[in-house]
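> This is work09.txt (compact mmCIF, N, CA and C atoms).
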# COMPACT_ATOMS: atom_id res chain seq x y z
N MET A 1310 17.95 -83.20 -72.22
CA MET A 1310 16.98 -83.93 -71.46
C MET A 1310 17.60 -84.30 -70.10
N ARG A 1311 16.79 -84.18 -69.05
CA ARG A 1311 17.25 -84.41 -67.68
C ARG A 1311 17.03 -85.87 -67.32
N ARG A 1312 18.06 -86.45 -66.68
CA ARG A 1312 17.93 -87.83 -66.21
C ARG A 1312 17.15 -87.87 -64.91
N ARG A 1313 16.66 -89.01 -64.65
CA ARG A 1313 15.92 -89.23 -63.40
C ARG A 1313 16.85 -89.08 -62.20
N ASN A 1314 16.40 -88.51 -61.07
CA ASN A 1314 17.15 -88.28 -59.82
C ASN A 1314 18.26 -87.25 -59.96
N GLN A 1315 18.35 -86.56 -61.06
CA GLN A 1315 19.35 -85.51 -61.22
C GLN A 1315 18.71 -84.18 -60.82
N PRO A 1316 19.38 -83.39 -59.95
CA PRO A 1316 18.78 -82.12 -59.52
C PRO A 1316 18.67 -81.15 -60.69
N ARG A 1317 17.65 -80.33 -60.60
CA ARG A 1317 17.49 -79.30 -61.62
C ARG A 1317 18.56 -78.25 -61.45
N ARG A 1318 18.95 -77.64 -62.56
CA ARG A 1318 20.03 -76.67 -62.58
C ARG A 1318 19.76 -75.50 -61.60
N GLY A 1319 18.58 -74.98 -61.53
CA GLY A 1319 18.23 -73.87 -60.65
C GLY A 1319 18.40 -74.23 -59.18
N HIS A 1320 18.04 -75.45 -58.80
CA HIS A 1320 18.20 -75.88 -57.41
C HIS A 1320 19.66 -75.99 -57.02
N LEU A 1321 20.50 -76.41 -57.96
CA LEU A 1321 21.93 -76.53 -57.70
C LEU A 1321 22.55 -75.15 -57.45
N GLN A 1322 22.15 -74.15 -58.23
CA GLN A 1322 22.68 -72.80 -58.05
C GLN A 1322 22.24 -72.21 -56.72
N VAL A 1323 20.98 -72.44 -56.33
CA VAL A 1323 20.48 -71.94 -55.05
C VAL A 1323 21.23 -72.62 -53.91
N SER A 1324 21.51 -73.90 -54.01
CA SER A 1324 22.24 -74.62 -52.97
C SER A 1324 23.64 -74.06 -52.80
N HIS A 1325 24.31 -73.75 -53.91
CA HIS A 1325 25.64 -73.16 -53.83
C HIS A 1325 25.59 -71.77 -53.21
N LEU A 1326 24.58 -71.00 -53.54
CA LEU A 1326 24.42 -69.66 -53.00
C LEU A 1326 24.21 -69.72 -51.48
N ILE A 1327 23.36 -70.62 -51.04
CA ILE A 1327 23.09 -70.77 -49.60
C ILE A 1327 24.35 -71.22 -48.87
N ALA A 1328 25.09 -72.17 -49.44
CA ALA A 1328 26.32 -72.65 -48.81
C ALA A 1328 27.35 -71.52 -48.73
N GLY A 1329 27.46 -70.71 -49.78
CA GLY A 1329 28.39 -69.59 -49.78
C GLY A 1329 28.04 -68.54 -48.74
N LEU A 1330 26.76 -68.22 -48.63
CA LEU A 1330 26.31 -67.26 -47.62
C LEU A 1330 26.56 -67.78 -46.21
N ALA A 1331 26.31 -69.07 -45.99
CA ALA A 1331 26.55 -69.66 -44.68
C ALA A 1331 28.03 -69.58 -44.32
N LEU A 1332 28.90 -69.78 -45.29
CA LEU A 1332 30.34 -69.69 -45.05
C LEU A 1332 30.74 -68.26 -44.68
N ILE A 1333 30.20 -67.28 -45.37
CA ILE A 1333 30.51 -65.87 -45.08
C ILE A 1333 30.02 -65.48 -43.68
N VAL A 1334 28.79 -65.87 -43.35
CA VAL A 1334 28.23 -65.56 -42.03
C VAL A 1334 29.07 -66.21 -40.93
N SER A 1335 29.49 -67.46 -41.14
CA SER A 1335 30.32 -68.16 -40.15
C SER A 1335 31.66 -67.45 -39.96
N ALA A 1336 32.27 -67.02 -41.06
CA ALA A 1336 33.56 -66.33 -40.97
C ALA A 1336 33.41 -65.01 -40.21
N LEU A 1337 32.35 -64.28 -40.46
CA LEU A 1337 32.12 -63.02 -39.74
C LEU A 1337 31.86 -63.26 -38.26
N ALA A 1338 31.12 -64.30 -37.94
CA ALA A 1338 30.82 -64.61 -36.54
C ALA A 1338 32.08 -64.92 -35.76
N ILE A 1339 33.07 -65.50 -36.41
CA ILE A 1339 34.33 -65.81 -35.75
C ILE A 1339 35.21 -64.56 -35.67
N ALA A 1340 35.21 -63.76 -36.71
CA ALA A 1340 36.11 -62.60 -36.79
C ALA A 1340 35.72 -61.48 -35.83
N VAL A 1341 34.46 -61.25 -35.59
CA VAL A 1341 34.03 -60.13 -34.75
C VAL A 1341 34.53 -60.25 -33.32
N PRO A 1342 34.35 -61.40 -32.62
CA PRO A 1342 34.87 -61.48 -31.25
C PRO A 1342 36.39 -61.36 -31.18
N VAL A 1343 37.10 -61.89 -32.17
CA VAL A 1343 38.55 -61.80 -32.16
C VAL A 1343 38.97 -60.34 -32.26
N GLY A 1344 38.33 -59.57 -33.11
CA GLY A 1344 38.65 -58.16 -33.25
C GLY A 1344 38.22 -57.34 -32.05
N ALA A 1345 37.25 -57.82 -31.30
CA ALA A 1345 36.75 -57.07 -30.15
C ALA A 1345 37.76 -57.04 -29.02
N HIS A 1346 38.62 -58.06 -28.91
CA HIS A 1346 39.63 -58.06 -27.86
C HIS A 1346 40.79 -57.19 -28.32
N HIS A 1347 41.07 -56.16 -27.58
CA HIS A 1347 42.04 -55.16 -28.01
C HIS A 1347 43.45 -55.49 -27.53
N SER A 1348 44.40 -54.90 -28.20
CA SER A 1348 45.79 -54.94 -27.78
C SER A 1348 45.99 -53.80 -26.79
N PHE A 1349 46.67 -54.07 -25.68
CA PHE A 1349 46.90 -53.01 -24.69
C PHE A 1349 47.70 -51.86 -25.31
N GLY A 1350 48.63 -52.19 -26.22
CA GLY A 1350 49.44 -51.17 -26.85
C GLY A 1350 48.63 -50.18 -27.69
N GLN A 1351 47.43 -50.58 -28.05
CA GLN A 1351 46.55 -49.70 -28.82
C GLN A 1351 46.07 -48.52 -27.97
N TYR A 1352 45.94 -48.73 -26.66
CA TYR A 1352 45.38 -47.72 -25.77
C TYR A 1352 46.38 -47.14 -24.78
N TYR A 1353 47.44 -47.90 -24.46
CA TYR A 1353 48.36 -47.48 -23.41
C TYR A 1353 49.79 -47.38 -23.94
N LEU A 1354 50.56 -46.50 -23.34
CA LEU A 1354 51.99 -46.35 -23.67
C LEU A 1354 52.75 -47.39 -22.86
N GLU A 1355 52.89 -48.57 -23.42
CA GLU A 1355 53.46 -49.72 -22.70
C GLU A 1355 54.91 -49.51 -22.28
N SER A 1356 55.65 -48.68 -23.00
CA SER A 1356 57.06 -48.48 -22.66
C SER A 1356 57.24 -47.47 -21.52
N ASP A 1357 56.19 -46.74 -21.15
CA ASP A 1357 56.25 -45.76 -20.06
C ASP A 1357 55.64 -46.35 -18.79
N THR A 1358 56.13 -45.90 -17.66
CA THR A 1358 55.58 -46.34 -16.37
C THR A 1358 55.40 -45.15 -15.45
N LEU A 1359 54.19 -45.04 -14.90
CA LEU A 1359 53.89 -44.04 -13.87
C LEU A 1359 53.73 -44.77 -12.55
N GLU A 1360 54.14 -44.13 -11.46
CA GLU A 1360 53.90 -44.69 -10.13
C GLU A 1360 52.80 -43.86 -9.49
N ILE A 1361 51.77 -44.55 -9.03
CA ILE A 1361 50.61 -43.89 -8.42
C ILE A 1361 50.44 -44.46 -7.02
N GLU A 1362 50.26 -43.58 -6.04
CA GLU A 1362 49.97 -44.02 -4.68
C GLU A 1362 48.70 -43.33 -4.24
N GLY A 1363 47.75 -44.14 -3.74
CA GLY A 1363 46.49 -43.55 -3.33
C GLY A 1363 45.57 -44.54 -2.67
N GLN A 1364 44.33 -44.12 -2.52
CA GLN A 1364 43.32 -44.91 -1.82
C GLN A 1364 42.34 -45.52 -2.82
N VAL A 1365 42.05 -46.80 -2.64
CA VAL A 1365 41.10 -47.49 -3.50
C VAL A 1365 39.70 -46.95 -3.22
N VAL A 1366 39.01 -46.50 -4.28
CA VAL A 1366 37.64 -46.02 -4.13
C VAL A 1366 36.64 -46.98 -4.76
N GLU A 1367 37.14 -47.88 -5.60
CA GLU A 1367 36.26 -48.89 -6.22
C GLU A 1367 37.12 -50.02 -6.75
N PHE A 1368 36.62 -51.27 -6.62
CA PHE A 1368 37.29 -52.45 -7.17
C PHE A 1368 36.24 -53.25 -7.92
N GLN A 1369 36.37 -53.31 -9.23
CA GLN A 1369 35.43 -54.06 -10.07
C GLN A 1369 36.08 -55.39 -10.45
N TYR A 1370 35.63 -56.43 -9.78
CA TYR A 1370 36.17 -57.78 -9.99
C TYR A 1370 35.27 -58.47 -10.99
N LYS A 1371 35.57 -58.28 -12.30
CA LYS A 1371 34.70 -58.80 -13.34
C LYS A 1371 35.50 -59.08 -14.60
N ASN A 1372 34.90 -59.81 -15.52
CA ASN A 1372 35.50 -60.08 -16.82
C ASN A 1372 34.97 -59.11 -17.84
N PRO A 1373 35.68 -58.78 -18.88
CA PRO A 1373 36.91 -59.43 -19.30
C PRO A 1373 38.15 -58.94 -18.54
N HIS A 1374 38.08 -57.78 -17.89
CA HIS A 1374 39.19 -57.29 -17.08
C HIS A 1374 38.66 -56.69 -15.80
N THR A 1375 39.44 -56.86 -14.73
CA THR A 1375 39.08 -56.21 -13.47
C THR A 1375 39.63 -54.78 -13.50
N TRP A 1376 39.04 -53.92 -12.69
CA TRP A 1376 39.44 -52.51 -12.63
C TRP A 1376 39.60 -52.09 -11.18
N ILE A 1377 40.66 -51.34 -10.91
CA ILE A 1377 40.89 -50.74 -9.60
C ILE A 1377 40.86 -49.23 -9.80
N HIS A 1378 39.97 -48.57 -9.08
CA HIS A 1378 39.87 -47.10 -9.15
C HIS A 1378 40.56 -46.54 -7.91
N VAL A 1379 41.56 -45.69 -8.15
CA VAL A 1379 42.39 -45.17 -7.06
C VAL A 1379 42.37 -43.64 -7.08
N ASP A 1380 42.05 -43.07 -5.93
CA ASP A 1380 42.08 -41.62 -5.74
C ASP A 1380 43.52 -41.25 -5.39
N ALA A 1381 44.16 -40.47 -6.26
CA ALA A 1381 45.57 -40.13 -6.08
C ALA A 1381 45.85 -38.75 -6.65
N GLN A 1382 47.11 -38.35 -6.61
CA GLN A 1382 47.51 -37.09 -7.23
C GLN A 1382 48.21 -37.39 -8.55
N ASP A 1383 47.92 -36.55 -9.56
CA ASP A 1383 48.62 -36.71 -10.84
C ASP A 1383 50.00 -36.07 -10.71
N PRO A 1384 50.85 -36.17 -11.74
CA PRO A 1384 52.21 -35.60 -11.64
C PRO A 1384 52.25 -34.10 -11.38
N PHE A 1385 51.11 -33.38 -11.57
CA PHE A 1385 51.05 -31.94 -11.34
C PHE A 1385 50.44 -31.60 -9.98
N GLY A 1386 50.16 -32.63 -9.15
CA GLY A 1386 49.62 -32.41 -7.82
C GLY A 1386 48.11 -32.30 -7.76
N ARG A 1387 47.42 -32.48 -8.89
CA ARG A 1387 45.95 -32.42 -8.89
C ARG A 1387 45.38 -33.77 -8.47
N ARG A 1388 44.26 -33.71 -7.77
CA ARG A 1388 43.59 -34.93 -7.32
C ARG A 1388 42.85 -35.56 -8.52
N VAL A 1389 43.09 -36.86 -8.73
CA VAL A 1389 42.54 -37.59 -9.87
C VAL A 1389 42.13 -38.98 -9.41
N VAL A 1390 41.05 -39.50 -9.98
CA VAL A 1390 40.71 -40.91 -9.78
C VAL A 1390 41.17 -41.66 -11.02
N TYR A 1391 42.17 -42.50 -10.84
CA TYR A 1391 42.69 -43.33 -11.93
C TYR A 1391 41.91 -44.64 -11.97
N ALA A 1392 41.60 -45.11 -13.17
CA ALA A 1392 40.97 -46.41 -13.37
C ALA A 1392 42.02 -47.32 -13.98
N ALA A 1393 42.52 -48.26 -13.17
CA ALA A 1393 43.60 -49.15 -13.61
C ALA A 1393 43.02 -50.48 -14.08
N GLU A 1394 43.28 -50.80 -15.34
CA GLU A 1394 42.81 -52.06 -15.93
C GLU A 1394 43.77 -53.18 -15.54
N TRP A 1395 43.19 -54.24 -14.96
CA TRP A 1395 43.98 -55.37 -14.48
C TRP A 1395 43.63 -56.59 -15.31
N GLY A 1396 43.98 -57.78 -14.87
CA GLY A 1396 43.73 -59.01 -15.62
C GLY A 1396 42.31 -59.51 -15.48
N SER A 1397 42.04 -60.65 -16.12
CA SER A 1397 40.72 -61.28 -16.03
C SER A 1397 40.55 -61.93 -14.66
N VAL A 1398 39.31 -62.17 -14.28
CA VAL A 1398 39.02 -62.81 -12.99
C VAL A 1398 39.70 -64.17 -12.91
N SER A 1399 39.55 -64.99 -13.96
CA SER A 1399 40.14 -66.34 -13.91
C SER A 1399 41.66 -66.28 -13.83
N GLY A 1400 42.27 -65.35 -14.56
CA GLY A 1400 43.72 -65.22 -14.50
C GLY A 1400 44.20 -64.78 -13.13
N LEU A 1401 43.48 -63.84 -12.51
CA LEU A 1401 43.85 -63.39 -11.18
C LEU A 1401 43.61 -64.46 -10.13
N GLU A 1402 42.51 -65.21 -10.25
CA GLU A 1402 42.23 -66.28 -9.28
C GLU A 1402 43.31 -67.35 -9.31
N ARG A 1403 43.82 -67.67 -10.49
CA ARG A 1403 44.90 -68.66 -10.58
C ARG A 1403 46.13 -68.22 -9.81
N GLN A 1404 46.27 -66.91 -9.63
CA GLN A 1404 47.41 -66.36 -8.91
C GLN A 1404 47.09 -66.05 -7.45
N GLY A 1405 45.86 -66.38 -7.02
CA GLY A 1405 45.47 -66.17 -5.63
C GLY A 1405 44.83 -64.82 -5.34
N VAL A 1406 44.55 -64.03 -6.37
CA VAL A 1406 43.89 -62.74 -6.17
C VAL A 1406 42.39 -62.98 -6.21
N LEU A 1407 41.71 -62.67 -5.11
CA LEU A 1407 40.27 -62.88 -5.01
C LEU A 1407 39.56 -61.54 -4.91
N LYS A 1408 38.22 -61.57 -4.91
CA LYS A 1408 37.48 -60.31 -4.90
C LYS A 1408 37.68 -59.52 -3.61
N ASN A 1409 38.18 -60.16 -2.56
CA ASN A 1409 38.43 -59.43 -1.31
C ASN A 1409 39.91 -59.12 -1.09
N THR A 1410 40.75 -59.38 -2.09
CA THR A 1410 42.18 -59.06 -1.97
C THR A 1410 42.39 -57.55 -1.91
N VAL A 1411 41.62 -56.83 -2.69
CA VAL A 1411 41.68 -55.36 -2.70
C VAL A 1411 40.34 -54.85 -2.20
N LYS A 1412 40.39 -53.93 -1.23
CA LYS A 1412 39.14 -53.41 -0.65
C LYS A 1412 39.10 -51.89 -0.75
N VAL A 1413 37.89 -51.37 -0.85
CA VAL A 1413 37.70 -49.91 -0.84
C VAL A 1413 38.31 -49.39 0.46
N GLY A 1414 39.09 -48.34 0.35
CA GLY A 1414 39.77 -47.76 1.51
C GLY A 1414 41.22 -48.19 1.64
N ASP A 1415 41.62 -49.28 0.96
CA ASP A 1415 43.01 -49.72 1.00
C ASP A 1415 43.92 -48.66 0.40
N ARG A 1416 45.07 -48.48 1.03
CA ARG A 1416 46.10 -47.59 0.46
C ARG A 1416 47.04 -48.49 -0.35
N VAL A 1417 47.19 -48.20 -1.65
CA VAL A 1417 47.97 -49.04 -2.55
C VAL A 1417 48.95 -48.18 -3.35
N ARG A 1418 49.95 -48.86 -3.87
CA ARG A 1418 50.89 -48.23 -4.81
C ARG A 1418 50.78 -49.02 -6.12
N LEU A 1419 50.61 -48.28 -7.23
CA LEU A 1419 50.47 -48.90 -8.55
C LEU A 1419 51.60 -48.44 -9.45
N TRP A 1420 52.07 -49.34 -10.30
CA TRP A 1420 52.94 -49.00 -11.40
C TRP A 1420 52.13 -49.30 -12.65
N VAL A 1421 51.94 -48.28 -13.49
CA VAL A 1421 50.99 -48.39 -14.59
C VAL A 1421 51.57 -47.85 -15.89
N SER A 1422 50.98 -48.30 -17.00
CA SER A 1422 51.23 -47.70 -18.31
C SER A 1422 50.18 -46.61 -18.50
N PRO A 1423 50.61 -45.38 -18.81
CA PRO A 1423 49.62 -44.30 -19.00
C PRO A 1423 48.83 -44.49 -20.29
N ASN A 1424 47.71 -43.83 -20.35
CA ASN A 1424 46.86 -43.86 -21.53
C ASN A 1424 47.50 -43.04 -22.64
N ARG A 1425 47.29 -43.46 -23.88
CA ARG A 1425 47.80 -42.68 -25.02
C ARG A 1425 47.14 -41.30 -25.10
N ASN A 1426 45.90 -41.23 -24.62
CA ASN A 1426 45.17 -39.97 -24.58
C ASN A 1426 45.46 -39.32 -23.22
N PRO A 1427 46.18 -38.21 -23.18
CA PRO A 1427 46.57 -37.62 -21.89
C PRO A 1427 45.39 -37.12 -21.05
N THR A 1428 44.21 -36.96 -21.63
CA THR A 1428 43.05 -36.52 -20.85
C THR A 1428 42.24 -37.69 -20.30
N ASP A 1429 42.66 -38.92 -20.61
CA ASP A 1429 41.94 -40.13 -20.17
C ASP A 1429 42.67 -40.71 -18.96
N ASN A 1430 41.96 -40.88 -17.83
CA ASN A 1430 42.58 -41.38 -16.60
C ASN A 1430 42.59 -42.90 -16.49
N ARG A 1431 42.24 -43.59 -17.58
CA ARG A 1431 42.38 -45.05 -17.58
C ARG A 1431 43.84 -45.41 -17.84
N VAL A 1432 44.36 -46.33 -17.05
CA VAL A 1432 45.75 -46.77 -17.16
C VAL A 1432 45.78 -48.30 -17.12
N ARG A 1433 46.90 -48.87 -17.52
CA ARG A 1433 47.04 -50.33 -17.48
C ARG A 1433 47.95 -50.70 -16.32
N LEU A 1434 47.44 -51.55 -15.43
CA LEU A 1434 48.19 -51.96 -14.25
C LEU A 1434 49.32 -52.90 -14.63
N LYS A 1435 50.54 -52.53 -14.24
CA LYS A 1435 51.70 -53.39 -14.44
C LYS A 1435 52.04 -54.13 -13.15
N ARG A 1436 51.91 -53.42 -12.03
CA ARG A 1436 52.28 -53.98 -10.73
C ARG A 1436 51.54 -53.23 -9.65
N ILE A 1437 51.22 -53.92 -8.56
CA ILE A 1437 50.52 -53.30 -7.43
C ILE A 1437 51.18 -53.74 -6.13
N GLN A 1438 51.32 -52.80 -5.21
CA GLN A 1438 51.76 -53.12 -3.86
C GLN A 1438 50.56 -52.97 -2.95
N LEU A 1439 50.21 -54.05 -2.28
CA LEU A 1439 49.04 -54.09 -1.40
C LEU A 1439 49.40 -53.53 -0.02
N PRO A 1440 48.40 -53.22 0.81
CA PRO A 1440 48.67 -52.66 2.14
C PRO A 1440 49.55 -53.56 3.02
N ASP A 1441 49.49 -54.88 2.81
CA ASP A 1441 50.31 -55.79 3.62
C ASP A 1441 51.75 -55.89 3.11
N GLY A 1442 52.09 -55.13 2.05
CA GLY A 1442 53.45 -55.12 1.53
C GLY A 1442 53.68 -56.05 0.35
N ARG A 1443 52.75 -56.99 0.12
CA ARG A 1443 52.90 -57.88 -1.04
C ARG A 1443 52.84 -57.08 -2.32
N THR A 1444 53.66 -57.48 -3.29
CA THR A 1444 53.65 -56.84 -4.60
C THR A 1444 53.25 -57.89 -5.63
N LEU A 1445 52.25 -57.55 -6.43
CA LEU A 1445 51.76 -58.45 -7.47
C LEU A 1445 51.97 -57.82 -8.83
N GLY A 1446 52.29 -58.66 -9.82
CA GLY A 1446 52.42 -58.18 -11.19
C GLY A 1446 51.06 -57.91 -11.79
N GLY A 1447 51.02 -57.38 -12.99
CA GLY A 1447 49.79 -56.99 -13.65
C GLY A 1447 48.81 -58.12 -13.84
N GLN A 1448 49.28 -59.35 -13.97
CA GLN A 1448 48.37 -60.47 -14.13
C GLN A 1448 48.16 -61.20 -12.79
N GLY A 1449 48.63 -60.62 -11.70
CA GLY A 1449 48.39 -61.20 -10.38
C GLY A 1449 49.56 -62.00 -9.86
N ARG A 1450 50.64 -62.13 -10.62
CA ARG A 1450 51.80 -62.92 -10.17
C ARG A 1450 52.52 -62.17 -9.06
N GLN A 1451 52.86 -62.90 -7.99
CA GLN A 1451 53.58 -62.26 -6.90
C GLN A 1451 55.02 -62.00 -7.37
N GLN A 1452 55.54 -60.85 -7.03
CA GLN A 1452 56.86 -60.46 -7.47
C GLN A 1452 57.78 -60.33 -6.26
N ASP A 1453 59.05 -60.62 -6.49
CA ASP A 1453 60.05 -60.43 -5.44
C ASP A 1453 60.33 -58.94 -5.31
N ARG A 1454 60.54 -58.50 -4.09
CA ARG A 1454 60.82 -57.06 -3.90
C ARG A 1454 62.29 -56.85 -3.78
Any chance you could give the structure as C-alpha cells?

Amino acid sequence: MRRRNQPRRGHLQVSHLIAGLALIVSALAIAVPVGAHHSFGQYYLESDTLEIEGQVVEFQYKNPHTWIHVDAQDPFGRRVVYAAEWGSVSGLERQGVLKNTVKVGDRVRLWVSPNRNPTDNRVRLKRIQLPDGRTLGGQGRQQDR
C-alpha cells in the first residue's frame, strides 16, 4: 500500500531516466567543442621548419586562427600559394598585431612547420619577418634578431 505524498514507482523511474539523459546530453555538449580544437602536431610536422619568402596575396584576420596567404616558390622552384595558419585575433592583438599589420602586396619571410600531407599547401606559422624588418613569433610575440 502506498503512503500519502509518496511518488508512484513509475514516476520515480521516469525521473531517473530523464536525469540520466540530461547528464549524457550535457557531457556530449561539453566534449564536442573540446574535440573540435585540434592539436597543431596532428596536421603539421612541428619538428621541421621551412623558410618561405614571398608576397602576401591574402590576410584573413579572423578567429579561431588568422591566415596569411603568400605567393612564393616551393623547394623545387615551382610557384605556390602557401596558407600559413597563425594565432587567434585576441592573441595577436595582445602582442600588437592588428588587421593592418600585414597587407596584401607586402613582401614577407615566413618560418613555418610544413603540412604532414605533402600535397597540402597549408603550413603553421612559427615566425614572420615583416617588410619593416620586425620579426614576430607564431603567436605575435616580437623576437630579437
> Might you pull out every residue within 12 Å of A:Ala1393, with only C-alpha atoms counted and same-chain residues fewer than 5 positions away left off, and present them as a ChimeraX atom specification?
/A:1353,1359-1361,1365-1370,1374-1381,1417-1424,1429-1437,1447
> Could you work out how far atom N of A:Ser1399 lies from atom C of A:Thr1444, giving the answer in Å with one decimal?
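Straight-line distance from atom C of A:Thr1444 to atom N of A:Ser1399 works out to 17.5 Å.
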> Quick one: of A:Val1398, A:Ala1392, A:Leu1439, A:Val1406, who's nearest to A:Lys1371, counting only C-alpha atoms?
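Of all the options, A:Val1398 lies closest to A:Lys1371.
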> Could you check how far atom CA of A:Pro1384 sits from atom CA of A:Asp1357, in Å to one decimal?
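For atom CA of A:Pro1384 relative to atom CA of A:Asp1357, the distance reads 13.8 Å.
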> Take atom C of A:Ser1397 and atom CA of A:Asn1372 and report the distance between them in Å, one decimal.
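Those two atoms sit 5.8 Å apart.
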